[in-house]
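One structure is given here, and the rest of the page talks about it.
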Amino acid sequence: MFVLGDVVVPECPEDAAIEIDGVYDVPSSVPEQLAWLHAAGFADAAASYVRPDLAVFVARRLPLR
């Protein structure tokens, strides 16, 4: 099981409340992070928004073949 809480790019730019420098931390969108989890072999990846610019991702690792 994999769980990650991360800053995300909100759908509406004015909803961004977490200050980031744009150099050290460059957030991605929820669809991008879900695609990366799927590409890394995680199944049933899902995201729950805590607020518009913060999400919790949960995924289950596929068995190795």
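Order determines the names: the first chain of the structure tokens is A, the second B, and so forth; residues in each chain are numbered 1 upward, and ligands are numbered 1 upward as they are shown.
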
Residues near range 50-59 of chain A, anyone? I mean within 9 Å using only C-alpha atoms, not counting same-chain ones fewer than 3 positions away, as a PDB file with C-alpha atoms, in the first residue's frame.
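Wrote part.pdb, looks like this:
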```pdb
ATOM      1  CA  MET A   1       0.000   0.000   0.000  1.00  0.00           C
ATOM      2  CA  PHE A   2       1.266   3.487  -0.872  1.00  0.00           C
ATOM      3  CA  VAL A   3       0.026   6.738   0.658  1.00  0.00           C
ATOM      4  CA  LEU A   4       1.281  10.221  -0.243  1.00  0.00           C
ATOM      5  CA  GLY A   5       0.137  13.680   0.781  1.00  0.00           C
ATOM      6  CA  ASP A   6       1.371  16.336  -1.628  1.00  0.00           C
ATOM      7  CA  VAL A   7       0.857  19.865  -2.869  1.00  0.00           C
ATOM      8  CA  VAL A   8      -0.891  19.790  -6.254  1.00  0.00           C
ATOM      9  CA  VAL A   9      -1.679  22.293  -8.948  1.00  0.00           C
ATOM     10  CA  PRO A  10      -5.277  23.353  -8.288  1.00  0.00           C
ATOM     11  CA  GLU A  11      -7.788  23.411 -11.129  1.00  0.00           C
ATOM     12  CA  CYS A  12      -8.314  27.140 -10.523  1.00  0.00           C
ATOM     13  CA  ASP A  15      -7.200  28.425  -5.213  1.00  0.00           C
ATOM     14  CA  ALA A  16      -3.448  28.010  -4.606  1.00  0.00           C
ATOM     15  CA  ALA A  17      -2.889  28.792  -0.929  1.00  0.00           C
ATOM     16  CA  ILE A  18       0.337  26.931  -0.153  1.00  0.00           C
ATOM     17  CA  VAL A  30      -3.594  15.190  -9.720  1.00  0.00           C
ATOM     18  CA  GLN A  33       0.528  12.040 -10.336  1.00  0.00           C
ATOM     19  CA  LEU A  34      -2.079   9.317 -10.876  1.00  0.00           C
ATOM     20  CA  LEU A  37       1.639   5.889 -10.065  1.00  0.00           C
ATOM     21  CA  HIS A  38       0.012   3.720 -12.728  1.00  0.00           C
ATOM     22  CA  PHE A  42       0.497   0.751  -8.826  1.00  0.00           C
ATOM     23  CA  ALA A  43      -3.145  -0.277  -9.214  1.00  0.00           C
ATOM     24  CA  ASP A  44      -6.304   1.291  -7.886  1.00  0.00           C
ATOM     25  CA  ALA A  45      -4.592   4.667  -7.522  1.00  0.00           C
ATOM     26  CA  ALA A  46      -6.944   7.338  -6.253  1.00  0.00           C
ATOM     27  CA  ALA A  47      -6.708  10.860  -4.917  1.00  0.00           C
TER      28      ALA A  47
END
```

task = Just the strand (DSSP E) stuff from chain A, please, per backbone DSSP, written as a PyMOL selection string.
result = chain A and resi 2-7+42-51+54-61

task = Per DSSP on the backbone, filter chain A down to the residues in helix (DSSP H, G or I) and report them as a PyMOL selection string.
result = chain A and resi 13-15+30-39
